[in-house]
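Participant: My structure file entry_35.csv, CSV, C-alpha atoms, is below:
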chain,number,residue,atom,x,y,z
A,1,MET,CA,61.2,81.3,83.0
A,2,SER,CA,64.3,79.4,84.3
A,3,GLU,CA,64.9,80.0,87.9
A,4,ARG,CA,67.9,82.0,89.1
A,5,ALA,CA,69.4,82.7,92.4
A,6,LEU,CA,68.0,85.9,94.0
A,7,SER,CA,70.6,88.6,94.3
A,8,CYS,CA,70.7,92.2,95.5
A,9,PRO,CA,70.2,94.4,92.5
A,10,GLN,CA,72.6,97.0,94.0
A,11,CYS,CA,75.7,94.9,94.9
A,12,THR,CA,74.9,91.4,93.6
A,13,ALA,CA,75.1,89.9,97.1
A,14,PRO,CA,72.9,86.8,97.6
A,15,LEU,CA,69.6,87.3,99.4
A,16,ALA,CA,67.9,84.9,101.8
A,17,PRO,CA,64.5,86.4,102.6
A,18,GLY,CA,62.1,84.8,105.0
A,19,LYS,CA,59.4,82.4,103.7
A,20,PHE,CA,56.6,84.9,103.5
A,21,ALA,CA,58.6,88.1,103.3
A,22,ARG,CA,57.6,90.8,100.8
A,23,VAL,CA,60.8,92.9,101.4
A,24,THR,CA,64.3,92.1,102.6
A,25,THR,CA,67.4,94.0,103.5
A,26,CYS,CA,70.7,93.2,101.8
A,27,PRO,CA,73.2,92.2,104.5
A,28,PHE,CA,76.1,93.6,102.6
A,29,CYS,CA,75.1,97.0,101.2
A,30,GLY,CA,72.0,97.7,103.3
A,31,SER,CA,69.6,98.1,100.4
A,32,THR,CA,65.9,97.4,100.9
A,33,VAL,CA,64.7,95.0,98.2
A,34,GLU,CA,61.0,94.5,97.3
A,35,LEU,CA,60.5,90.9,96.5
A,36,GLY,CA,57.0,91.0,94.9
A,37,ASP,CA,55.6,87.6,94.1
A,38,GLN,CA,58.8,86.2,92.6
A,39,ARG,CA,61.6,84.5,94.3
A,40,ALA,CA,63.8,84.4,91.2
A,41,VAL,CA,64.8,86.8,88.4
A,42,SER,CA,65.8,86.2,84.8
A,43,ALA,CA,69.4,86.8,83.8
A,44,GLU,CA,68.4,89.4,81.2
A,45,ARG,CA,66.2,91.3,83.7
A,46,PHE,CA,69.1,91.3,86.2
A,47,ARG,CA,71.6,92.6,83.5
A,48,SER,CA,69.2,95.3,82.4
A,49,ALA,CA,68.8,96.5,86.0
A,50,TYR,CA,72.5,96.5,86.5
A,51,ARG,CA,73.1,98.5,83.3
A,52,GLU,CA,70.6,101.1,84.5
A,53,TRP,CA,72.1,101.3,88.0
A,54,ASN,CA,75.7,101.5,86.7
A,55,SER,CA,74.9,104.2,84.1
A,56,PRO,CA,76.1,107.6,85.3
A,57,ARG,CA,73.8,109.5,83.0
A,58,ALA,CA,70.8,107.5,84.2
A,59,GLN,CA,71.9,108.2,87.8
A,60,GLY,CA,71.9,111.9,87.1
A,61,PHE,CA,75.7,112.6,86.8
A,62,ASP,CA,76.8,115.0,84.2
A,63,HIS,CA,80.6,114.5,84.4
A,64,TRP,CA,82.6,111.4,85.1
A,65,VAL,CA,85.6,109.3,84.1
A,66,SER,CA,85.7,105.6,83.6
A,67,ILE,CA,88.0,102.7,84.3
A,68,GLY,CA,86.6,99.7,82.5
A,69,ASP,CA,82.9,99.4,83.4
A,70,SER,CA,83.3,101.5,86.6
A,71,HIS,CA,82.6,105.2,86.6
A,72,TRP,CA,83.9,107.9,88.9
A,73,THR,CA,83.1,111.5,89.6
A,74,ARG,CA,84.2,114.5,91.7
A,75,LEU,CA,87.9,114.0,91.3
A,76,GLU,CA,89.7,116.2,93.9
A,77,PRO,CA,93.5,116.4,93.9
A,78,ILE,CA,95.2,115.1,97.1
A,79,ALA,CA,98.9,114.7,96.3
A,80,HIS,CA,101.5,114.9,93.6
A,81,GLY,CA,103.7,111.9,93.9
A,82,GLU,CA,107.0,111.0,92.3
A,83,ILE,CA,105.4,109.0,89.5
A,84,SER,CA,101.7,109.5,89.8
A,85,ASP,CA,99.0,111.9,91.0
A,86,LEU,CA,96.5,111.0,93.7
A,87,TYR,CA,92.8,112.1,93.8
A,88,SER,CA,89.8,111.3,95.9
A,89,ALA,CA,86.8,110.2,93.7
A,90,TRP,CA,83.3,109.0,94.1
A,91,ARG,CA,81.6,106.2,92.3
A,92,ALA,CA,79.1,107.7,89.8
A,93,ARG,CA,76.1,105.8,91.0
A,94,ARG,CA,74.0,105.4,94.2
A,95,PRO,CA,74.7,104.2,96.7
A,96,THR,CA,78.2,105.6,96.1
A,97,GLU,CA,81.6,104.9,97.5
A,98,ARG,CA,84.7,107.0,97.9
A,99,VAL,CA,88.1,105.9,96.7
A,100,LEU,CA,91.7,107.0,96.3
A,101,LEU,CA,92.4,107.2,92.6
A,102,LYS,CA,96.0,106.9,91.5
A,103,VAL,CA,96.8,108.1,88.0
A,104,LEU,CA,100.3,107.3,86.4
A,105,ARG,CA,102.1,110.5,85.3
A,106,ASP,CA,105.5,109.1,84.4
A,107,ALA,CA,105.2,106.5,81.7
A,108,SER,CA,108.7,105.3,82.3
A,109,ALA,CA,107.7,104.1,85.8
A,110,ARG,CA,104.9,101.8,84.6
A,111,ASP,CA,106.6,98.7,86.1
A,112,ARG,CA,106.6,100.3,89.5
A,113,PHE,CA,103.0,101.4,89.1
A,114,ASP,CA,101.9,97.9,88.1
A,115,ASN,CA,104.0,96.3,90.9
A,116,GLU,CA,102.0,98.2,93.5
A,117,TRP,CA,98.7,96.7,92.4
A,118,LYS,CA,100.3,93.2,92.2
A,119,VAL,CA,101.7,93.3,95.7
A,120,LEU,CA,98.6,94.8,97.3
A,121,SER,CA,96.3,92.4,95.5
A,122,ARG,CA,98.3,89.4,96.9
A,123,LEU,CA,98.4,90.9,100.4
A,124,ASP,CA,94.7,91.7,100.3
A,125,GLY,CA,93.9,88.0,100.0
A,126,GLN,CA,96.2,87.1,103.0
A,127,ALA,CA,95.6,90.0,105.4
A,128,ASP,CA,94.3,89.3,108.9
A,129,ALA,CA,91.2,91.3,109.7
A,130,ALA,CA,93.2,93.5,112.1
A,131,PHE,CA,95.5,94.6,109.2
A,132,LEU,CA,93.0,95.1,106.4
A,133,HIS,CA,92.4,98.8,107.4
A,134,ARG,CA,96.2,99.5,107.5
A,135,LEU,CA,96.8,98.5,103.8
A,136,PRO,CA,95.4,100.1,100.7
A,137,ARG,CA,92.8,97.7,99.4
A,138,PRO,CA,92.5,97.4,95.6
A,139,VAL,CA,89.1,98.2,94.0
A,140,VAL,CA,89.8,98.5,90.2
A,141,ARG,CA,92.5,99.3,87.7
A,142,GLY,CA,92.8,100.0,84.0
A,143,GLU,CA,93.1,102.9,81.6
A,144,MET,CA,91.2,106.1,82.2
A,145,ALA,CA,88.5,107.0,79.7
A,146,GLY,CA,87.3,110.6,79.6
A,147,GLY,CA,88.6,113.7,81.3
A,148,ALA,CA,92.1,115.2,81.2
A,149,HIS,CA,93.8,111.9,82.0
A,150,SER,CA,92.1,109.8,79.3
A,151,GLY,CA,94.4,107.0,78.2
A,152,ARG,CA,96.6,107.0,81.3
A,153,PRO,CA,96.9,103.9,83.6
A,154,ALA,CA,95.0,104.3,86.8
A,155,MET,CA,94.0,102.3,89.9
A,156,ALA,CA,91.5,102.9,92.7
A,157,PHE,CA,91.9,101.9,96.3
A,158,SER,CA,89.4,101.9,99.1
A,159,TRP,CA,89.1,105.2,101.0
A,160,PRO,CA,90.9,105.0,104.4
A,161,HIS,CA,88.3,106.2,106.9
A,162,GLY,CA,89.7,108.8,109.3
A,163,THR,CA,93.2,108.8,107.7
A,164,HIS,CA,93.8,112.3,106.4
A,165,HIS,CA,97.3,113.5,107.5
A,166,GLY,CA,100.6,112.3,106.1
A,167,PHE,CA,103.8,112.7,108.1
A,168,GLU,CA,104.7,115.7,106.0
A,169,ALA,CA,101.5,117.5,107.1
A,170,VAL,CA,102.1,116.5,110.7
A,171,ARG,CA,105.7,117.9,110.6
A,172,ARG,CA,104.4,121.2,109.1
A,173,ARG,CA,101.9,121.4,112.0
A,174,HIS,CA,104.6,120.5,114.6
A,175,PRO,CA,107.9,121.8,113.1
A,176,GLU,CA,109.6,121.2,116.5
A,177,GLY,CA,108.4,117.6,116.5
A,178,ILE,CA,105.5,115.7,118.0
A,179,GLU,CA,105.4,114.6,121.6
A,180,PRO,CA,107.8,111.8,122.3
A,181,ARG,CA,105.1,109.8,123.9
A,182,ALA,CA,103.0,110.0,120.7
A,183,ALA,CA,106.1,109.0,118.7
A,184,VAL,CA,106.1,105.7,120.5
A,185,TRP,CA,102.6,104.5,119.4
A,186,VAL,CA,103.3,105.9,115.9
A,187,TRP,CA,106.5,103.8,115.6
A,188,ARG,CA,104.8,100.7,117.1
A,189,ARG,CA,102.0,100.9,114.5
A,190,ILE,CA,104.5,101.1,111.7
A,191,LEU,CA,106.5,98.1,113.1
A,192,GLU,CA,103.3,96.1,113.4
A,193,THR,CA,102.5,96.7,109.7
A,194,LEU,CA,106.1,95.9,108.7
A,195,ALA,CA,106.0,92.6,110.8
A,196,PHE,CA,102.8,91.6,108.8
A,197,LEU,CA,104.5,92.4,105.5
A,198,HIS,CA,107.7,90.6,106.4
A,199,ARG,CA,105.7,87.6,107.6
A,200,HIS,CA,104.1,87.3,104.2
A,201,GLY,CA,107.4,87.6,102.3
A,202,VAL,CA,107.2,91.3,101.3
A,203,ALA,CA,109.7,94.0,102.0
A,204,HIS,CA,108.3,97.5,101.5
A,205,GLY,CA,111.5,99.3,100.3
A,206,ALA,CA,110.3,102.9,100.8
A,207,VAL,CA,109.2,103.5,104.4
A,208,LEU,CA,109.4,107.2,104.0
A,209,PRO,CA,107.4,110.2,105.5
A,210,PRO,CA,105.4,110.7,102.2
A,211,HIS,CA,104.2,107.0,102.5
A,212,LEU,CA,103.0,107.2,106.1
A,213,LEU,CA,99.6,108.5,107.1
A,214,VAL,CA,98.3,109.1,110.6
A,215,GLU,CA,94.7,108.3,111.6
A,216,GLU,CA,93.0,111.4,112.9
A,217,GLY,CA,92.0,111.2,116.6
A,218,GLU,CA,93.2,107.6,116.9
A,219,HIS,CA,96.4,105.6,117.4
A,220,GLY,CA,96.5,104.3,113.8
A,221,VAL,CA,99.1,104.6,111.0
A,222,ARG,CA,98.7,103.5,107.4
A,223,LEU,CA,101.7,102.6,105.2
A,224,VAL,CA,101.2,103.3,101.5
A,225,GLY,CA,103.5,103.5,98.4
A,226,TYR,CA,104.2,99.9,97.4
A,227,GLY,CA,105.8,100.6,94.0
A,228,CYS,CA,109.2,99.3,95.2
A,229,ALA,CA,107.9,96.5,97.4
A,230,GLY,CA,108.9,92.9,96.7
A,231,LYS,CA,110.5,89.8,97.9
A,232,PRO,CA,113.4,90.4,100.4
A,233,GLY,CA,116.7,90.1,98.6
A,234,ALA,CA,115.3,91.4,95.3
A,235,ALA,CA,116.7,94.5,93.6
A,236,LEU,CA,115.4,97.8,94.8
A,237,ALA,CA,113.5,99.3,91.9
A,238,ALA,CA,114.1,103.0,92.6
A,239,VAL,CA,115.0,105.6,95.2
A,240,ALA,CA,112.9,108.7,95.7
A,241,ASP,CA,115.5,111.5,95.1
A,242,GLY,CA,113.8,114.0,97.3
A,243,TRP,CA,114.0,111.6,100.3
A,244,ARG,CA,117.4,110.0,99.6
A,245,ALA,CA,118.7,111.0,103.1
A,246,ALA,CA,115.9,109.0,104.6
A,247,TYR,CA,117.3,105.7,103.1
A,248,PRO,CA,120.0,103.8,105.1
A,249,LYS,CA,123.4,104.1,103.5
A,250,ARG,CA,123.7,100.3,103.2
A,251,LEU,CA,120.5,100.1,101.3
A,252,LEU,CA,121.7,102.7,98.9
A,253,ARG,CA,124.9,100.8,98.4
A,254,ASP,CA,123.5,97.3,98.1
A,255,ARG,CA,120.3,98.3,96.3
A,256,ARG,CA,118.4,95.3,97.5
A,257,LEU,CA,115.2,95.0,99.5
A,258,SER,CA,115.5,93.7,103.1
A,259,VAL,CA,113.4,93.6,106.2
A,260,ALA,CA,116.3,95.2,108.2
A,261,ALA,CA,116.3,98.2,105.8
A,262,ASP,CA,112.5,98.6,106.3
A,263,VAL,CA,113.0,98.7,110.1
A,264,ALA,CA,115.9,101.2,109.7
A,265,MET,CA,113.7,103.5,107.5
A,266,SER,CA,110.9,103.4,110.1
A,267,ALA,CA,113.4,104.7,112.7
A,268,ARG,CA,114.4,107.5,110.4
A,269,ALA,CA,110.8,108.5,109.7
A,270,VAL,CA,110.0,108.6,113.4
A,271,GLY,CA,113.1,110.5,114.2
A,272,TRP,CA,112.1,113.1,111.5
A,273,LEU,CA,108.6,113.3,113.0
A,274,LEU,CA,110.3,114.0,116.4
A,275,GLY,CA,111.9,117.1,114.9
A,276,GLY,CA,115.2,115.5,113.7
A,277,GLU,CA,116.8,115.1,110.3
A,278,THR,CA,115.9,112.5,107.7
A,279,ASP,CA,119.1,110.6,108.4
A,280,GLY,CA,118.0,110.0,112.0
A,281,SER,CA,120.2,112.7,113.6
A,282,GLY,CA,119.5,116.1,115.2
A,283,LEU,CA,117.0,115.1,117.9
A,284,GLY,CA,116.7,117.8,120.5
A,285,ASP,CA,116.7,117.7,124.3
A,286,ARG,CA,112.9,117.4,124.4
A,287,VAL,CA,113.3,113.7,123.4
A,288,PRO,CA,114.3,111.5,126.3
A,289,GLU,CA,117.8,110.2,125.9
A,290,PRO,CA,116.9,106.5,125.8
A,291,LEU,CA,114.4,107.0,123.1
A,292,ALA,CA,116.8,109.2,121.1
A,293,GLU,CA,119.5,106.5,121.4
A,294,LEU,CA,117.1,103.8,120.2
A,295,VAL,CA,116.1,105.9,117.1
A,296,ALA,CA,119.8,106.5,116.3
A,297,SER,CA,120.8,102.9,116.9
A,298,GLU,CA,118.0,101.5,114.7
A,299,SER,CA,118.6,104.0,111.8
A,300,GLU,CA,121.0,101.7,110.1
A,301,PRO,CA,120.2,98.1,109.3
A,302,ARG,CA,121.2,95.5,111.9
A,303,GLY,CA,122.8,92.3,110.7
A,304,ASP,CA,122.0,90.9,107.2
A,305,GLY,CA,118.3,91.3,107.7
A,306,VAL,CA,117.3,90.1,104.2
A,307,GLY,CA,114.4,88.0,105.4
A,308,ALA,CA,112.4,87.6,108.6
A,309,ARG,CA,113.9,84.6,110.4
A,310,SER,CA,111.0,84.2,112.8
A,311,ALA,CA,107.2,84.7,112.9
A,312,GLY,CA,107.6,88.1,114.3
A,313,GLY,CA,110.9,89.1,112.7
A,314,PRO,CA,113.0,92.1,113.6
A,315,ALA,CA,110.1,94.5,113.3
A,316,TRP,CA,108.1,92.8,115.9
A,317,ALA,CA,111.1,92.4,118.2
A,318,LEU,CA,111.7,96.1,118.1
A,319,ARG,CA,108.0,96.8,118.7
A,320,GLU,CA,108.2,94.8,121.9
A,321,ARG,CA,111.5,96.5,122.9
A,322,LEU,CA,110.0,99.9,122.3
A,323,GLY,CA,106.9,99.0,124.4
A,324,ALA,CA,109.1,98.1,127.4
A,325,LEU,CA,111.1,101.3,127.0
A,326,ALA,CA,107.9,103.4,126.9
A,327,ARG,CA,106.7,101.9,130.1
A,328,ASP,CA,110.0,102.8,131.8
A,329,LEU,CA,109.9,106.3,130.4
A,330,PHE,CA,106.2,107.2,130.6
A,331,GLY,CA,104.5,104.7,132.7
A,332,PRO,CA,101.3,102.8,131.8
A,333,PRO,CA,100.0,103.3,128.2
A,334,ALA,CA,97.7,106.3,127.7
A,335,PHE,CA,95.7,107.8,124.8
A,336,CYS,CA,98.0,110.4,123.2
A,337,PRO,CA,96.5,111.7,119.9
A,338,ILE,CA,98.4,114.0,117.6
A,339,ASP,CA,96.7,117.5,117.4
A,340,MET,CA,96.2,118.6,113.8
A,341,SER,CA,93.6,121.3,114.5
Spell out the structure here as structure tokens.

Facilitator:
Amino acid sequence: MSERALSCPQCTAPLAPGKFARVTTCPFCGSTVELGDQRAVSAERFRSAYREWNSPRAQGFDHWVSIGDSHWTRLEPIAHGEISDLYSAWRARRPTERVLLKVLRDASARDRFDNEWKVLSRLDGQADAAFLHRLPRPVVRGEMAGGAHSGRPAMAFSWPHGTHHGFEAVRRRHPEGIEPRAAVWVWRRILETLAFLHRHGVAHGAVLPPHLLVEEGEHGVRLVGYGCAGKPGAALAAVADGWRAAYPKRLLRDRRLSVAADVAMSARAVGWLLGGETDGSGLGDRVPEPLAELVASESEPRGDGVGARSAGGPAWALRERLGALARDLFGPPAFCPIDMS
């Protein structure tokens, strides 16, 4: 038998057992692997074990859908987007994993659907460790096989641990607006993500309440919805009609992606979360005047703002400015979660 590298039968990660070890633990998936008397396995034995492990029926699952050679079960609807439907799903094998499954509903928007995967795949290879959990991470894409969505394009992203509530849900829970102090950290997290995107040559193009998720019990925000994203200066692919007022007027007129428009949309989203309107107006007296003025002044793009002209760019500059304002208004930083109970 020709010798092969010893790999974990669960996740294919390489194993490096001790010299006299009879069992070892996979450092990636945590599986306990019994080594027996062999330190190598044949390719055919490995493929056979993989087929058995990756077979939903062999694993005891009765219902599943497939994307390529990956199989998923327990599809639970989460959201009904402009062009696609979003589900939570579990891999139909053990150990399992949970993903966000996005299924295209509007065939005419296939270009936008494919663009999201393209942009996020490129960013996933460039992301700093600190930003990996803030971006949707690609898992698999292809056509669905089985179930009601058979034949439709679909893609799966890693499940965002602890991220359950979108801005729309937060506004429903707090119709009068969230605490101004909480709005500061929310805005700063958005700006940090935008600074990362802009630094890597990507403008988001749709920094809207439906595309912003708050991390439960923490100071985290995740930006999703990359169907319009692309190189600053490129044509804006589409505008979500239901949120047209949340787009800066100049972006609607010029119809091109820019980092300045991303920053302006972030101000409008935060203003809306503070109880105002989607155009950045209507903030009540409960919002300190300097903060309300900053939201209003940043709700339209500043300058040309097509590309980020420095390492931090306008998003990071506003983040720093906002931090200084918060210290003046509220004092030293403090933990300020958003109550969703």

Participant: At a cut-off of 12 Å, using only C-alpha atoms, what residues contact Arg268 of chain A? Leave out same-chain residues fewer than 4 positions from it and give the result as an mmCIF file with C-alpha atoms, keeping the file's coordinate frame.

Facilitator:
data_model
loop_
_atom_site.group_PDB
_atom_site.id
_atom_site.type_symbol
_atom_site.label_atom_id
_atom_site.label_comp_id
_atom_site.auth_asym_id
_atom_site.auth_seq_id
_atom_site.Cartn_x
_atom_site.Cartn_y
_atom_site.Cartn_z
ATOM 1 C CA ALA A 183 106.100 109.000 118.700
ATOM 2 C CA TRP A 187 106.500 103.800 115.600
ATOM 3 C CA ILE A 190 104.500 101.100 111.700
ATOM 4 C CA ALA A 206 110.300 102.900 100.800
ATOM 5 C CA VAL A 207 109.200 103.500 104.400
ATOM 6 C CA LEU A 208 109.400 107.200 104.000
ATOM 7 C CA PRO A 209 107.400 110.200 105.500
ATOM 8 C CA TRP A 243 114.000 111.600 100.300
ATOM 9 C CA ARG A 244 117.400 110.000 99.600
ATOM 10 C CA ALA A 245 118.700 111.000 103.100
ATOM 11 C CA ALA A 246 115.900 109.000 104.600
ATOM 12 C CA TYR A 247 117.300 105.700 103.100
ATOM 13 C CA PRO A 248 120.000 103.800 105.100
ATOM 14 C CA LYS A 249 123.400 104.100 103.500
ATOM 15 C CA ALA A 261 116.300 98.200 105.800
ATOM 16 C CA ASP A 262 112.500 98.600 106.300
ATOM 17 C CA VAL A 263 113.000 98.700 110.100
ATOM 18 C CA ALA A 264 115.900 101.200 109.700
ATOM 19 C CA TRP A 272 112.100 113.100 111.500
ATOM 20 C CA LEU A 273 108.600 113.300 113.000
ATOM 21 C CA LEU A 274 110.300 114.000 116.400
ATOM 22 C CA GLY A 275 111.900 117.100 114.900
ATOM 23 C CA GLY A 276 115.200 115.500 113.700
ATOM 24 C CA GLU A 277 116.800 115.100 110.300
ATOM 25 C CA THR A 278 115.900 112.500 107.700
ATOM 26 C CA ASP A 279 119.100 110.600 108.400
ATOM 27 C CA GLY A 280 118.000 110.000 112.000
ATOM 28 C CA SER A 281 120.200 112.700 113.600
ATOM 29 C CA GLY A 282 119.500 116.100 115.200
ATOM 30 C CA LEU A 283 117.000 115.100 117.900
ATOM 31 C CA ALA A 292 116.800 109.200 121.100
ATOM 32 C CA LEU A 294 117.100 103.800 120.200
ATOM 33 C CA VAL A 295 116.100 105.900 117.100
ATOM 34 C CA ALA A 296 119.800 106.500 116.300
ATOM 35 C CA SER A 297 120.800 102.900 116.900
ATOM 36 C CA GLU A 298 118.000 101.500 114.700
ATOM 37 C CA SER A 299 118.600 104.000 111.800
ATOM 38 C CA GLU A 300 121.000 101.700 110.100
ATOM 39 C CA PRO A 301 120.200 98.100 109.300
#

Participant: If we count only C-alpha atoms, what is near segment 197-199 of chain A at a cut-off of 12 Å, once residues fewer than 3 positions away on the same chain are taken out, given as a PyMOL selection string?

Facilitator: chain A and resi 119-120+122-124+126-128+131-132+134-135+190-194+202-205+223+226+229-233+257-263+305-316

Participant: Between atom CA of Trp90 of chain A and atom CA of Arg74 of chain A, what is the distance in Å, rounded to a tenth?

Facilitator: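 Spanning atom CA of Trp90 of chain A to atom CA of Arg74 of chain A is a straight-line distance of 6.1 Å.
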
Participant: Rank A:Arg137, A:Arg93, A:Arg152, A:His71 by their smallest atom-to-atom distance to Arg110 of chain A, using all atoms listed in the file, and report the top residue only.

Facilitator: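 For Arg110 of chain A, the nearest of the given residues is A:Arg152.
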
Participant: Which one of A:Gly125, A:Gly242, A:Gly227, A:Gly146 sits closest to Ala109 of chain A if you count only C-alpha atoms?

Facilitator: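 Closest candidate: A:Gly227.
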